[in-house]
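**Student:** Got a structure for you, questions after.
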Amino acid sequence: MKTLLLSWPQRLLLVVALAALAGWASQARLLWQQDERVYDYIVGDWEYPADERLAIVAIDERSLQQLGQWPWPRGTHARLLDRLHEAGARRVALDLMFPEPDRKDATQDVELAAAIKRSGNVVLPVLAASASDEAVPEELLPVPVLASAATALAHTDIEVDGDGIARGLYLKAGVGSAYWPALGLALSGMDGPIPGLGDPAPDTASPYQWRRDNYVRLRYAGPPGTFPQVSYIDVLEGRLPPGLLHGRLVIVGMTASGIAPRLLTPTSRESWMSGTEYQADVASMLLGGHVILPLSPAVQVALVALLVVLCALAMTQPRLPPWLVAVVSLPLPLLLSLVLLRGFNLWFAPAAAIAGVLLMLLGWGLWQMRYWRRQAHRDPLTGLANRMRFEEALRLEYEAARRGGRPLSLVLIDLDNFKHYNDTFGHHVGDLVLQQTARMIGELARRPRDLAARFGGDEFALILPDTGSEGAVQLIEALIGRVRRAGIAVGKGRQARISITAGIGTLVPGADGLPADLFRDTDAALYQAKAAGRDGFRVAATG
C-alpha cells in the first residue's frame, strides 16, 4: 500500500526533521510541566520503608510553648546535644543557622562549640543567600568557633521546580565550585562515589556564582510524617525511653507551622513537608540505594528521537494498520518511562517523544488524506485526472473564463481502433497503448491550470485555460504527429501503429453559456473528424 505522496528522500528528511524537533523540545524542556505530571503520577505512591536509623528531633509547637519565643539561647542547643550524646546518637545534623555571634552573651557560642566537640559527630548547615537577584551570592556559614568544632558543613539548598514541587536536589553545591555536600548526604555518612548528573559547565563557571553538581531525583519514603519524630523539649528534659535514640542518625530542625520552611512533594501535594523531613528523606534515599537518576541530556534526546523514528518506520509497513501504529506508538514513551523508573531508577521525560509521535501521526494522516483525495480524482491506469475531476475542472475554468473574459479551449481525443489492439494483441498491449498515449497527452498540460484527463475507456480530454483556437490547434497537430511516430511494440521487432482523432472547441463564455455547451460542440467536432477518416482533428464552430 502506498502511504505517502513524498519521495523516499523527502520522507527521510521529514522524519529526521521531526525527530530533531522532538529532541530539541526535550533538551529545551518545553513540555516540562507535562513531564512532571507524568513523574508525579508514577512516583506519587511509590513508597519504600524509611531507614530505621533516622529520627527527627522536632522544634514543634509544644517545644516553643515551653521554651519560649524563638530564637532560643545557644546554650539550650548545647544541652540538647549533650542529651543526644548521652542517648548514643550516632550522628547529628543540627539544621539551624548560626551565621552571627551571639551578641548578648559571647559565652553561649563557646558553650555550644564545646557541646559540638563532645558530641564528636555534628553536621552544621551552610546557606547561599544574596540581597537581590542581581547580587553575588554569599555563603552563610556558622560562626568560626562553631564551624571549627563541627565534623562537617553541608548545604541546605532545596531545589523547588517552577510549579512549587520539590522533586530533586543537588548533592553538592558551593560558591565557585560545588564542594559542600547536601545536609542529608552528610548526615547519611555515605561513602564512595556520589551519584547524579554533573555540572554541564564546571570549567567555565564564575568563581562568584553558586554552583551545583550531582543532580538526582529525590525518591520520598512516603508522605509527611513518615519518619519518627520526637519533641525537642522531651529530649531536652530526658523524657524519652532509654535506647530510643541509640545508634540513630538524628536531624534537629524546625517543624512548627509558621516558622519551618514548607515544601510540597509528589507524594502528597495537598499537605506540607518541613525542610527537616526533606533532609531526612535525602539521607534515607541514599542509605537505601533509592536514588533516581535522570538520563543524561544526550541519552534523553537520543531516546526521544529514536521513538519518533520507530513510529515513522512502523507507518511504512504495509502489514500494520494505521490504528495499530497509533495505539502502540502513543503510549510507548509512557511505558518506557514507567519501566525505566520503576525497574531501573532512571527518569526518562516522555512528553517530547509523545508530542513528536503525535506530529508524525498527524502529518502521516494529512498526507494520507491528500493521497486519497488525489486518488479519488485520478485514473488508476494512466495517472491522468478521471471523469469526475475533469467535469469539476471544466466547470471551474468555464466560470473563470467568463469572469475574466478570456478564451477557454477544450480538446476531446479518441484512440483510433483501440478495440483492435485488445482483440489482436491482448489487453496487456491495450493497456500499454493507453498509458503511452496518456503520457504524451499529459505532457501537453504544462501550465499549472492545464488539465489532462481520461474520462472513458479510450477517450481523453485536455482543458486549456487562456488558450485560443490557434494555440490549441498547434498543440494537437504536434500531438497527432508525435503519436504517429511513436507506435507500440507488440512482439519481437514488431511495431504497431497508433493514431488519434481530436475535436477542438474554443470560446469566450457568455453570460448565458454553460460548460455543457462547450463539451457538446467539441464532441461534435470529434465525430466530424472521425467521419472524415480519423487520424486528424476538427475545430468546432463555437460561439
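Residue numbering restarts at 1 in every chain; chains get A, B, ... in the order shown in the C-alpha cells, and ligands count up from 1 in that same order.
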Using only C-alpha atoms, determine which residues lie at most 9 Å from Leu479 (chain A), disregarding the query and same-chain residues fewer than 3 positions distant; provide the list as a count of residues only.

**Tutor:** 10

**Student:** Excluding region 229-233 of chain A and any residue of its chain fewer than 5 positions from it, enumerate the residues within 8 Å of it, using only C-alpha atoms, and give them as a count of residues only.

**Tutor:** 11

**Student:** For the helix (DSSP H, G or I) assignment from backbone DSSP, which residues of region 222-431 of chain A qualify? Please present them as a count of residues only.

**Tutor:** 116

**Student:** To one decimal place in Å, what is the distance between CA of Gly457 (chain A) and CA of Arg395 (chain A)?

**Tutor:**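 These two atoms are separated by 22.1 Å.
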
**Student:** Using only C-alpha atoms, what does the table of region 180-292 of chain A residues within 12 Å of region 32-39 of chain A look like, with each row giving the shortest atom pair and its distance in Å to one decimal, sorted by chain and ascending number, as a tab-separated table?

**Tutor:**
residue	atom	partner	partner_atom	distance
A:Arg217	CA	A:Tyr39	CA	10.2
A:Leu218	CA	A:Tyr39	CA	11.5
A:Arg219	CA	A:Tyr39	CA	11.0
A:Thr265	CA	A:Tyr39	CA	11.4
A:Pro266	CA	A:Tyr39	CA	8.2
A:Thr267	CA	A:Tyr39	CA	10.8
A:Arg269	CA	A:Arg37	CA	11.6
A:Ile292	CA	A:Tyr39	CA	11.2

**Student:** Choose the residue, out of A:Arg403, A:Arg262, A:His427, A:Arg534, that has the smallest atom-to-atom separation from Leu415 (chain A); count only C-alpha atoms.

**Tutor:**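 Ranking A:Arg403, A:Arg262, A:His427, A:Arg534 by distance to Leu415 (chain A), first place goes to A:Arg534.
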
**Student:** For Ser337 (chain A), which residue among A:Leu362, A:Tyr41, A:Leu245, A:Gly430 is the nearest when counting only C-alpha atoms?

**Tutor:**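 Using only C-alpha atoms, Ser337 (chain A) sits closest to A:Tyr41.
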
**Student:** Taking 2 positions as the minimum chain separation for residues in the same chain, which residues sit within 10 Å of His77 (chain A) when counting only C-alpha atoms? Answer as a list of chain:residue names.

**Tutor:**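 So the residues in contact are A:Trp72, A:Pro73, A:Arg74, A:Gly75, A:Arg79, A:Leu80, A:Leu81, A:Asp82, A:Arg83, A:Leu94, A:Leu96, A:Gln108, A:Glu111, A:Leu112, A:Ala115, A:Ile116, A:Tyr232, A:Leu236, A:Val252.
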
**Student:** Find, counting only C-alpha atoms, the residue in A:Pro200, A:Lys172, A:Val250, A:Thr76 that gets nearest to Glu237 (chain A).

**Tutor:** A:Thr76
